[in-house]
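File shown: work20.txt (compact mmCIF, C-alpha atoms).
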# COMPACT_ATOMS: atom_id res chain seq x y z
CA MET C 599 168.05 79.74 77.12
CA GLU C 600 164.29 79.33 76.94
CA SER C 601 162.54 79.23 80.29
CA PHE C 602 161.15 75.79 81.10
CA VAL C 603 157.65 75.47 82.57
CA VAL C 604 157.19 72.38 84.73
CA SER C 605 154.32 70.09 83.71
CA ALA C 606 152.51 70.60 87.03
CA LEU C 607 152.05 74.29 86.09
CA LYS C 608 151.79 73.93 82.31
CA TYR C 609 149.02 71.34 82.53
CA ARG C 610 147.25 72.70 85.59
CA PRO C 611 143.49 72.33 84.96
CA THR C 612 141.53 75.48 84.12
CA THR C 613 138.09 73.85 83.85
CA PHE C 614 136.29 71.17 85.84
CA GLU C 615 136.45 68.85 82.80
CA GLU C 616 140.26 68.90 82.95
CA VAL C 617 140.42 67.83 86.62
CA VAL C 618 141.65 64.22 86.84
CA GLY C 619 140.14 61.57 89.10
CA GLN C 620 137.64 63.74 91.05
CA GLN C 621 134.54 63.40 88.86
CA SER C 622 132.03 63.13 91.70
CA ILE C 623 133.27 66.36 93.32
CA THR C 624 133.52 68.37 90.09
CA GLN C 625 130.04 67.23 89.04
CA THR C 626 128.60 68.22 92.43
CA LEU C 627 130.20 71.67 92.19
CA LYS C 628 128.91 72.17 88.63
CA ASN C 629 125.40 71.16 89.71
CA SER C 630 125.56 73.58 92.65
CA LEU C 631 126.52 76.41 90.31
CA GLU C 632 123.75 75.59 87.84
CA THR C 633 121.07 75.43 90.54
CA GLU C 634 122.55 78.39 92.45
CA GLN C 635 122.71 76.31 95.63
CA LEU C 636 126.37 76.75 96.51
CA ALA C 637 127.25 76.95 100.19
CA GLN C 638 129.03 80.08 101.41
CA ALA C 639 131.73 78.10 103.22
CA LEU C 640 133.36 75.06 101.63
CA LEU C 641 136.18 72.85 102.87
CA PHE C 642 138.28 70.90 100.35
CA CYS C 643 140.29 68.21 102.11
CA GLY C 644 142.43 65.30 100.94
CA PRO C 645 146.02 64.23 100.19
CA ARG C 646 148.54 66.52 98.51
CA GLY C 647 148.55 66.97 94.75
CA VAL C 648 145.02 65.71 94.02
CA GLY C 649 143.43 68.97 92.79
CA LYS C 650 142.08 70.81 95.85
CA THR C 651 143.58 74.23 95.10
CA SER C 652 142.98 73.84 91.36
CA CYS C 653 139.28 73.10 91.96
CA ALA C 654 139.06 76.04 94.36
CA ARG C 655 140.45 78.41 91.69
CA ILE C 656 138.21 77.00 88.95
CA LEU C 657 135.16 77.31 91.20
CA ALA C 658 136.11 80.85 92.21
CA LYS C 659 136.23 81.94 88.54
CA GLN C 660 133.00 80.14 87.67
CA ILE C 661 130.98 81.66 90.53
CA ASN C 662 130.96 85.17 89.04
CA LYS C 663 130.74 83.96 85.44
CA SER C 664 127.63 81.89 86.16
CA SER C 665 125.96 84.90 87.78
CA GLN C 666 126.27 86.94 84.56
CA LYS C 667 123.21 86.83 82.32
CA GLU C 668 125.36 87.48 79.25
CA SER C 669 128.50 85.52 78.42
CA THR C 670 131.70 87.35 79.26
CA ASP C 671 135.43 86.73 78.96
CA ASP C 672 136.18 88.44 82.27
CA ASP C 673 137.89 86.11 84.77
CA PHE C 674 136.96 88.37 87.72
CA ALA C 675 140.48 87.97 89.13
CA PHE C 676 140.02 91.06 91.30
CA ASN C 677 137.20 89.26 93.13
CA ILE C 678 139.41 86.30 94.12
CA PHE C 679 141.67 86.52 97.16
CA GLU C 680 144.12 83.75 98.07
CA LEU C 681 145.62 83.40 101.53
CA ASP C 682 148.35 80.94 102.39
CA ALA C 683 147.57 80.01 105.99
CA ALA C 684 151.02 78.48 106.45
CA SER C 685 152.57 81.96 106.47
CA ASN C 686 149.49 84.07 107.33
CA ASN C 687 148.07 82.26 110.34
CA SER C 688 147.81 84.95 112.96
CA VAL C 689 144.74 86.63 114.45
CA GLU C 690 145.68 89.88 112.71
CA ASP C 691 145.59 88.20 109.27
CA ILE C 692 142.09 86.90 109.93
CA ARG C 693 140.91 90.24 111.32
CA LYS C 694 141.97 91.89 108.05
CA ILE C 695 139.78 89.40 106.16
CA ASN C 696 136.88 90.05 108.54
CA GLU C 697 137.12 93.76 107.73
CA GLN C 698 137.50 93.26 103.97
CA VAL C 699 134.47 90.97 103.58
CA ARG C 700 132.10 93.76 104.57
CA ILE C 701 132.87 95.66 101.36
CA PRO C 702 130.80 94.32 98.41
CA PRO C 703 132.49 93.64 95.04
CA GLN C 704 132.48 96.46 92.49
CA VAL C 705 132.23 94.00 89.57
CA GLY C 706 130.55 90.60 89.62
CA SER C 707 128.31 89.13 92.27
CA HIS C 708 130.76 87.62 94.80
CA LYS C 709 134.10 88.00 96.49
CA ILE C 710 135.79 84.61 96.96
CA TYR C 711 138.42 83.93 99.60
CA ILE C 712 140.59 80.82 99.12
CA ILE C 713 142.44 79.87 102.30
CA ASP C 714 145.07 77.24 101.48
CA GLU C 715 146.61 74.97 104.15
CA ALA C 716 143.76 76.02 106.46
CA HIS C 717 144.88 73.61 109.21
CA MET C 718 147.89 75.90 109.81
CA LEU C 719 145.70 78.65 111.27
CA SER C 720 146.22 79.10 114.99
CA ASN C 721 143.36 78.37 117.40
CA ALA C 722 143.06 82.07 118.10
CA ALA C 723 142.81 82.78 114.36
CA PHE C 724 140.13 80.09 113.97
CA ASN C 725 138.14 81.61 116.83
CA ALA C 726 138.42 85.08 115.29
CA PHE C 727 137.14 83.60 112.01
CA LEU C 728 134.15 81.73 113.45
CA LYS C 729 131.58 84.54 113.50
CA THR C 730 132.32 85.59 109.91
CA LEU C 731 132.25 81.96 108.78
CA GLU C 732 128.92 81.36 110.51
CA GLU C 733 127.17 84.43 109.11
CA PRO C 734 129.13 85.63 106.08
CA PRO C 735 127.78 88.55 104.00
CA LYS C 736 125.71 87.40 101.02
CA HIS C 737 128.39 88.53 98.57
CA VAL C 738 131.20 86.41 100.12
CA ILE C 739 132.18 82.74 99.66
CA PHE C 740 134.99 81.06 101.59
CA ILE C 741 136.87 78.04 100.19
CA LEU C 742 139.22 76.38 102.67
CA ALA C 743 141.73 73.75 101.48
CA THR C 744 143.67 71.41 103.73
CA THR C 745 145.64 68.16 103.71
CA GLU C 746 144.90 67.57 107.40
CA LYS C 747 141.17 67.70 108.08
CA ASN C 748 141.71 66.32 111.60
CA LYS C 749 143.47 69.57 112.59
CA ILE C 750 140.49 71.75 111.66
CA ILE C 751 138.56 72.54 114.84
CA PRO C 752 135.03 70.99 114.99
CA THR C 753 133.30 74.38 115.22
CA VAL C 754 134.79 75.34 111.83
CA LEU C 755 134.02 71.94 110.28
CA SER C 756 130.36 72.22 111.28
CA ARG C 757 130.08 75.54 109.44
CA CYS C 758 131.52 74.24 106.16
CA GLN C 759 130.26 72.01 103.38
CA VAL C 760 133.00 69.35 103.30
CA TYR C 761 134.36 67.82 100.07
CA ASP C 762 136.70 64.85 100.54
CA PHE C 763 139.16 64.54 97.66
CA LYS C 764 140.51 61.03 97.08
CA ARG C 765 143.86 59.74 95.90
CA ILE C 766 143.93 59.48 92.12
CA SER C 767 144.04 55.93 90.76
CA VAL C 768 147.15 54.62 89.02
CA ASN C 769 145.09 54.10 85.85
CA ASP C 770 143.84 57.71 85.78
CA ILE C 771 147.35 59.09 86.31
CA GLN C 772 148.78 56.78 83.65
CA HIS C 773 146.15 57.83 81.08
CA TYR C 774 146.86 61.49 81.83
CA LEU C 775 150.61 60.96 81.39
CA VAL C 776 149.95 59.23 78.05
CA LYS C 777 148.00 62.30 76.94
CA ILE C 778 150.85 64.63 77.94
CA ALA C 779 153.51 62.41 76.32
CA LYS C 780 151.56 62.42 73.05
CA ASP C 781 151.06 66.18 73.30
CA ARG C 782 154.84 66.61 73.60
CA ASN C 783 155.59 64.03 70.86
CA LEU C 784 157.65 61.86 73.21
CA GLN C 785 158.59 58.24 72.67
CA PHE C 786 157.24 56.12 75.53
CA GLU C 787 156.25 52.68 76.74
CA GLU C 788 152.97 52.48 78.64
CA THR C 789 154.65 50.38 81.35
CA ALA C 790 157.11 53.23 81.97
CA LEU C 791 154.24 55.64 82.58
CA TYR C 792 152.56 53.05 84.81
CA LEU C 793 155.70 52.90 86.98
CA ILE C 794 155.70 56.70 87.31
CA ALA C 795 152.01 56.66 88.24
CA GLN C 796 152.63 53.92 90.78
CA LYS C 797 155.55 55.81 92.34
CA ALA C 798 153.39 58.96 92.75
CA GLU C 799 151.08 57.13 95.21
CA GLY C 800 147.89 58.88 94.12
CA ALA C 801 149.28 62.43 93.81
CA LEU C 802 149.10 63.78 90.25
CA ARG C 803 151.42 66.68 91.03
CA ASP C 804 154.10 64.23 92.20
CA ALA C 805 153.55 62.14 89.07
CA LEU C 806 154.09 65.18 86.83
CA SER C 807 157.24 66.09 88.74
CA ILE C 808 158.63 62.56 88.34
CA PHE C 809 157.55 62.58 84.68
CA ASP C 810 159.59 65.75 83.99
CA ARG C 811 162.62 64.19 85.67
CA MET C 812 162.31 60.98 83.67
CA VAL C 813 161.92 62.90 80.38
CA SER C 814 165.21 64.67 81.12
CA PHE C 815 166.92 61.43 82.17
CA THR C 816 165.79 59.44 79.12
CA GLN C 817 166.06 62.40 76.69
CA GLY C 818 162.43 61.99 75.68
CA ASN C 819 162.48 58.20 75.21
CA LEU C 820 160.60 56.78 78.20
CA SER C 821 161.36 53.07 78.32
CA ALA C 822 160.20 50.87 81.21
CA LYS C 823 163.76 49.69 81.95
CA ALA C 824 165.24 53.21 82.08
CA VAL C 825 162.45 54.51 84.32
CA ALA C 826 162.59 51.47 86.62
CA ASP C 827 166.37 51.76 86.97
CA ASN C 828 166.23 55.49 87.75
CA LEU C 829 163.40 55.16 90.27
CA ASN C 830 164.87 52.01 91.85
CA LEU C 831 161.70 50.13 90.94
CA LEU C 832 161.12 46.74 89.37
CA ASP C 833 159.02 46.57 86.24
CA HIS C 834 156.55 43.80 85.38
CA GLN C 835 159.06 42.11 83.09
CA THR C 836 161.56 41.74 85.95
CA TYR C 837 158.95 40.16 88.23
CA ASN C 838 157.86 37.95 85.35
CA GLU C 839 161.43 36.65 84.96
CA LEU C 840 161.66 36.11 88.73
CA GLY C 841 158.35 34.26 88.61
CA LYS C 842 159.71 31.81 86.01
CA ILE C 843 162.65 31.00 88.32
CA ILE C 844 160.30 30.53 91.31
CA PHE C 845 157.92 28.28 89.37
CA LYS C 846 160.88 26.07 88.34
CA ASN C 847 161.78 25.64 92.06
CA ASP C 848 165.26 26.97 91.21
CA ILE C 849 166.61 28.05 94.62
CA PRO C 850 170.19 28.88 93.45
CA GLY C 851 168.71 30.85 90.55
CA ILE C 852 166.43 32.93 92.77
CA LEU C 853 169.26 33.72 95.23
CA THR C 854 171.48 34.87 92.36
CA ALA C 855 168.67 36.99 90.87
CA TYR C 856 167.96 38.62 94.23
CA ASN C 857 171.67 39.39 94.71
CA ASP C 858 171.70 41.17 91.34
CA LEU C 859 168.69 43.25 92.41
CA LEU C 860 170.42 44.29 95.65
CA LYS C 861 173.38 45.52 93.60
CA ARG C 862 170.96 47.78 91.74
CA GLY C 863 169.94 49.36 95.07
CA ILE C 864 166.45 47.86 95.27
CA ASP C 865 164.79 48.32 98.67
CA PRO C 866 164.08 44.83 100.16
CA LEU C 867 160.71 45.79 101.66
CA GLN C 868 159.56 47.36 98.40
CA PHE C 869 160.73 44.20 96.65
CA ILE C 870 158.52 42.03 98.90
CA LYS C 871 155.54 44.35 98.36
CA GLY C 872 156.11 44.21 94.60
CA LEU C 873 156.29 40.43 94.76
CA GLY C 874 152.93 40.43 96.54
CA ASP C 875 151.46 42.63 93.79
CA PHE C 876 152.88 40.25 91.17
CA PHE C 877 151.18 37.20 92.67
CA ARG C 878 147.97 39.18 93.22
CA ASN C 879 147.96 40.11 89.53
CA LEU C 880 148.48 36.44 88.64
CA MET C 881 145.41 35.61 90.73
CA LEU C 882 143.34 38.37 89.11
CA ALA C 883 144.41 37.22 85.64
CA LYS C 884 142.95 33.78 86.36
CA ASP C 885 139.38 34.91 85.79
CA PRO C 886 137.98 37.33 83.16
CA ASN C 887 135.70 38.82 85.86
CA THR C 888 138.66 39.93 88.00
CA LEU C 889 140.93 40.87 85.08
CA ALA C 890 139.32 44.32 85.00
CA LEU C 891 140.59 44.97 88.56
CA MET C 892 144.16 45.10 87.25
CA GLU C 893 145.18 48.73 86.69
CA LEU C 894 147.51 47.81 83.83
CA GLY C 895 147.79 48.12 80.07
CA GLU C 896 146.29 45.47 77.80
CA ASP C 897 149.69 44.08 76.75
CA VAL C 898 150.76 43.58 80.37
CA LYS C 899 147.41 41.94 81.21
CA LYS C 900 147.93 39.50 78.36
CA ASN C 901 151.39 38.60 79.72
CA TYR C 902 149.89 37.88 83.14
CA GLN C 903 147.20 35.69 81.58
CA GLU C 904 149.86 33.62 79.82
CA ALA C 905 152.00 33.37 82.98
CA THR C 906 149.13 32.28 85.25
CA GLU C 907 147.76 29.58 82.92
CA PRO C 908 149.88 26.64 84.27
CA LEU C 909 149.41 27.72 87.91
CA THR C 910 146.64 26.51 90.22
CA THR C 911 144.47 28.81 92.32
CA GLU C 912 145.52 26.89 95.45
CA TYR C 913 149.20 27.51 94.71
CA LEU C 914 148.63 31.25 94.19
CA LEU C 915 146.65 31.51 97.45
CA ASP C 916 149.47 29.78 99.35
CA ALA C 917 152.07 32.05 97.74
CA ILE C 918 150.14 35.26 98.55
CA ALA C 919 149.63 34.15 102.16
CA LEU C 920 153.33 33.34 102.45
CA ILE C 921 154.43 36.72 101.03
CA ASN C 922 152.02 38.47 103.39
CA SER C 923 153.68 36.77 106.36
CA PHE C 924 157.13 37.82 105.01
CA GLU C 925 156.05 41.45 104.96
CA ILE C 926 154.50 41.32 108.44
CA ASN C 927 157.67 39.84 109.97
CA TYR C 928 160.14 42.00 108.01
CA LYS C 929 160.42 44.83 110.55
CA SER C 930 160.97 42.51 113.51
CA VAL C 931 164.04 40.68 112.10
CA ASN C 932 167.61 41.93 112.44
CA ASN C 933 169.16 40.35 109.37
CA LYS C 934 166.93 41.68 106.58
CA ARG C 935 168.83 40.04 103.76
CA VAL C 936 168.67 36.54 105.26
CA HIS C 937 164.96 37.06 105.98
CA VAL C 938 164.19 37.93 102.34
CA GLU C 939 166.43 35.14 101.02
CA LEU C 940 164.75 32.59 103.30
CA SER C 941 161.39 33.93 102.16
CA MET C 942 162.40 33.50 98.52
CA MET C 943 163.65 29.95 99.14
CA GLN C 944 160.38 29.01 100.87
CA LEU C 945 158.45 30.52 97.98
CA ALA C 946 160.54 28.63 95.41
CA SER C 947 159.95 25.34 97.24
CA LEU C 948 156.28 25.91 98.06
CA ASN C 949 155.17 23.23 95.62
CA PHE C 950 157.99 20.87 94.75
CA ASN C 951 157.52 17.67 92.75
CA GLY C 952 153.77 18.21 92.98
CA GLU C 953 153.79 18.07 96.79
CA LYS C 954 152.71 20.96 98.96
CA LYS C 955 155.47 21.87 101.41
CA LYS C 956 154.81 23.02 104.95
CA THR C 957 155.88 26.56 105.80
CA THR C 958 156.27 27.50 109.40
When written as structure tokens, how does the structure in this file appear?
Amino acid sequence: MESFVVSALKYRPTTFEEVVGQQSITQTLKNSLETEQLAQALLFCGPRGVGKTSCARILAKQINKSSQKESTDDDFAFNIFELDAASNNSVEDIRKINEQVRIPPQVGSHKIYIIDEAHMLSNAAFNAFLKTLEEPPKHVIFILATTEKNKIIPTVLSRCQVYDFKRISVNDIQHYLVKIAKDRNLQFEETALYLIAQKAEGALRDALSIFDRMVSFTQGNLSAKAVADNLNLLDHQTYNELGKIIFKNDIPGILTAYNDLLKRGIDPLQFIKGLGDFFRNLMLAKDPNTLALMELGEDVKKNYQEATEPLTTEYLLDAIALINSFEINYKSVNNKRVHVELSMMQLASLNFNGEKKKTT
């Protein structure tokens, strides 16, 4: 049996150009290398799976390469030291680093220390690290990475150049998944990859993990329906069908449709949030200027434009406000099912026979 390499490792970026969704940070780091104005202590912070450690490793390799007058294929791996602060967070671990940094590198210009999960260091370890961080030897650069910037003590923060990594947009993740799917010659629907990107909530590593799972589940044929069913999500087509029932003021129809969704194991709160996104997209599709705000494929945008044509802006505003109130009140009610069903009935009767109904 051939060993399988997960996509998160197989497609891990090796250059700044391959990093997804962090262009401002990668450009700043490249500029710093070119002008030789790189700080000796850097802090990469942000959510999980957005490229902090990958950028730290790329930067670490580039630091010594950029210092060489002649081009070289050496990766200077012996000059890069990685420490996982989650399991090496004691004073003794930091004291070892303090002793090691005094010794200059035998090859290359710098020794680079990458400290991952830096917030896990104990207060005593942070204090032992302060002096070295404040006045590091000229041949040493520290790169700290953390998901919890608030846990880094202020005295350490003040000594670092801070880079805030952001969540990666759904569009950027979707485009990257399209690239990987084509690279692997997989059959796919763009909506299926959009659902995976949406489920990842801004973390590319999570998206790649879900992608691998869905490829196995669908045997390399990523359809929107199969992915939505497996992830317990609703695709745009499902919301579009629900929308048609709502716009016809068909209360029995909407109750039956919602019952079918519950049988599929759909989470009621996620359903309400998805319904809010559906009506928001209808509003955005109303005007060409706001159409670009929709992080969706062109085919899906066209479907929204067709669906929103007979609807008035006033109706959509009322519907979005109503759904927002459903979501706010959801946690405070005991009977969740009745709450959602009542919400759906109010939504389906919002405008009936051309008259605006009161909702209290």
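For C:Met943, the non-local neighbours within 7 Å, defined as residues at least 4 positions apart in the same chain or in other chains and counting all atoms listed in the file, are Ile849, Glu939 and Ser947 of chain C.
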Expected residue set, 10 Å radius at (157.8, 39.1, 85.6), only C-alpha atoms, as JSON, numbers by chain: {"C": [832, 833, 834, 835, 836, 837, 838, 839, 840, 841, 842, 843, 873, 876, 877, 898, 901, 902, 905]}
Which protein, DNA or RNA residues have an atom at most 7 Å from (128.3, 89.1, 101.5), counting all atoms listed in the file? List them as JSON, numbers by chain. {"C": [699, 700, 702, 734, 735, 736, 737, 738]}
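A straight line drawn from atom CA of C:Leu909 to atom CA of C:Asn830 is 29.1 Å long.
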Check the smallest atom-to-atom distance from each of C:Asn687, C:Asn927, C:Ser601, C:Gln660 to C:Asn629 using all atoms listed in the file, then report the winner. C:Gln660
Counting all atoms listed in the file, what is within 8 Å of C:Leu731, bar same-chain residues fewer than 5 positions away, as a PyMOL selection string? chain C and resi 639+740+754+757
For C:Glu799, which residue out of C:Gly863, C:Pro611, C:Gly619, C:Pro645 is the nearest one, using all atoms listed in the file? C:Pro645
One-decimal distance in Å that lies between atom CA of C:His937 and atom CA of C:Glu925: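 Between atom CA of C:Glu925 and atom CA of C:His937 the gap works out to 10.0 Å.
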Each side padded by 4 Å, which centre and which edge lengths in Å (one decimal) define the axis-aligned box around the listed atoms of stretch 923-927 of chain C? Give them as lines of an AutoDock Vina configuration file.
center_x = 155.7
center_y = 39.1
center_z = 107.5
size_x = 12.0
size_y = 12.7
size_z = 13.0
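Among the candidates C:Thr789, C:Leu859, C:Ser821, C:Ser652, the one nearest to C:Lys899 when counting only C-alpha atoms is C:Thr789.
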Could you check how far atom CA of C:Thr910 sits from atom CA of C:Thr888, in Å to one decimal? 15.8 Å
Residue among C:Ser767, C:Asn857, C:Asn748, C:Asn879 lying closest to C:Gly644, counting all atoms listed in the file: C:Asn748
My list of candidates is C:Lys929, C:Thr854, C:Asp885, C:Ile695. Which is closest to C:Met942 when distances are computed with all atoms listed in the file?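 Once distances to C:Met942 are computed over all atoms listed in the file, the minimum belongs to C:Thr854.
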Residues near C:Leu915, cut-off 9 Å, all atoms listed in the file, skip fewer than 3 positions along chain, as a ChimeraX atom specification: /C:877-878,881,910-912,918-920
Given only C-alpha atoms as the basis, pick out the residue of C:Tyr774, C:Leu889, C:Arg765, C:Lys871 nearest to C:Glu616. C:Tyr774
For stretch 710-718 of chain C, work out the shell of residues within 8 Å, counting all atoms listed in the file and skipping chain neighbours fewer than 5 positions away, then give it as number ranges by chain. C: 651, 654-655, 658, 677-684, 687, 738-747, 749-750
Nearby residues (only C-alpha atoms) at most 12 Å from C:Lys608, same-chain spacing under 3 positions excluded, as a compact mmCIF listing (two decimals) with C-alpha atoms, in the coordinates of the input:
# COMPACT_ATOMS: atom_id res chain seq x y z
CA PHE C 602 161.15 75.79 81.10
CA VAL C 603 157.65 75.47 82.57
CA VAL C 604 157.19 72.38 84.73
CA SER C 605 154.32 70.09 83.71
CA PRO C 611 143.49 72.33 84.96
CA THR C 612 141.53 75.48 84.12
CA ILE C 778 150.85 64.63 77.94
CA ASP C 781 151.06 66.18 73.30
CA ARG C 782 154.84 66.61 73.60
CA ARG C 803 151.42 66.68 91.03
CA LEU C 806 154.09 65.18 86.83
CA SER C 807 157.24 66.09 88.74
CA ASP C 810 159.59 65.75 83.99
Export stretch 790-850 of chain C from the structure block above, keeping C-alpha atoms, as a compact mmCIF listing (two decimals), in the first residue's frame.
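selection17.txt, written as the output of this step:
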# COMPACT_ATOMS: atom_id res chain seq x y z
CA ALA C 790 -18.84 21.87 -3.59
CA LEU C 791 -15.46 23.52 -3.07
CA TYR C 792 -17.21 26.69 -1.88
CA LEU C 793 -19.01 24.66 0.81
CA ILE C 794 -15.70 23.18 1.97
CA ALA C 795 -14.12 26.65 2.07
CA GLN C 796 -17.10 27.99 4.02
CA LYS C 797 -16.94 25.12 6.53
CA ALA C 798 -13.21 25.80 7.17
CA GLU C 799 -14.02 29.26 8.62
CA GLY C 800 -10.89 30.97 7.30
CA ALA C 801 -8.37 28.20 8.09
CA LEU C 802 -6.72 26.78 4.96
CA ARG C 803 -5.31 23.79 6.84
CA ASP C 804 -8.83 22.83 7.97
CA ALA C 805 -10.09 23.27 4.41
CA LEU C 806 -7.43 20.90 3.07
CA SER C 807 -8.27 18.35 5.75
CA ILE C 808 -11.99 18.51 4.87
CA PHE C 809 -11.09 18.38 1.17
CA ASP C 810 -9.16 15.10 1.64
CA ARG C 811 -12.11 13.63 3.54
CA MET C 812 -14.58 14.64 0.85
CA VAL C 813 -12.37 13.24 -1.94
CA SER C 814 -12.40 9.88 -0.15
CA PHE C 815 -16.15 10.05 0.49
CA THR C 816 -17.06 10.98 -3.10
CA GLN C 817 -14.33 8.82 -4.69
CA GLY C 818 -12.92 11.82 -6.51
CA ASN C 819 -16.23 13.23 -7.78
CA LEU C 820 -16.92 16.29 -5.65
CA SER C 821 -20.56 17.22 -6.20
CA ALA C 822 -22.27 19.97 -4.19
CA LYS C 823 -25.02 17.60 -3.00
CA ALA C 824 -22.61 14.90 -1.78
CA VAL C 825 -20.41 17.41 0.06
CA ALA C 826 -23.40 19.22 1.59
CA ASP C 827 -24.92 15.93 2.80
CA ASN C 828 -21.66 14.73 4.34
CA LEU C 829 -20.90 18.04 6.07
CA ASN C 830 -24.53 18.53 7.18
CA LEU C 831 -24.63 21.78 5.23
CA LEU C 832 -27.18 23.24 2.86
CA ASP C 833 -26.04 24.23 -0.60
CA HIS C 834 -27.26 27.26 -2.56
CA GLN C 835 -29.66 25.13 -4.59
CA THR C 836 -31.44 23.96 -1.42
CA TYR C 837 -31.87 27.53 -0.15
CA ASN C 838 -33.01 28.56 -3.61
CA GLU C 839 -35.76 25.91 -3.52
CA LEU C 840 -36.74 27.02 -0.01
CA GLY C 841 -36.83 30.60 -1.23
CA LYS C 842 -39.35 29.71 -3.96
CA ILE C 843 -41.66 28.18 -1.33
CA ILE C 844 -41.30 31.25 0.92
CA PHE C 845 -41.98 33.69 -1.93
CA LYS C 846 -45.19 31.76 -2.77
CA ASN C 847 -46.37 32.23 0.86
CA ASP C 848 -46.71 28.43 1.07
CA ILE C 849 -46.74 27.80 4.85
CA PRO C 850 -47.53 24.03 4.67
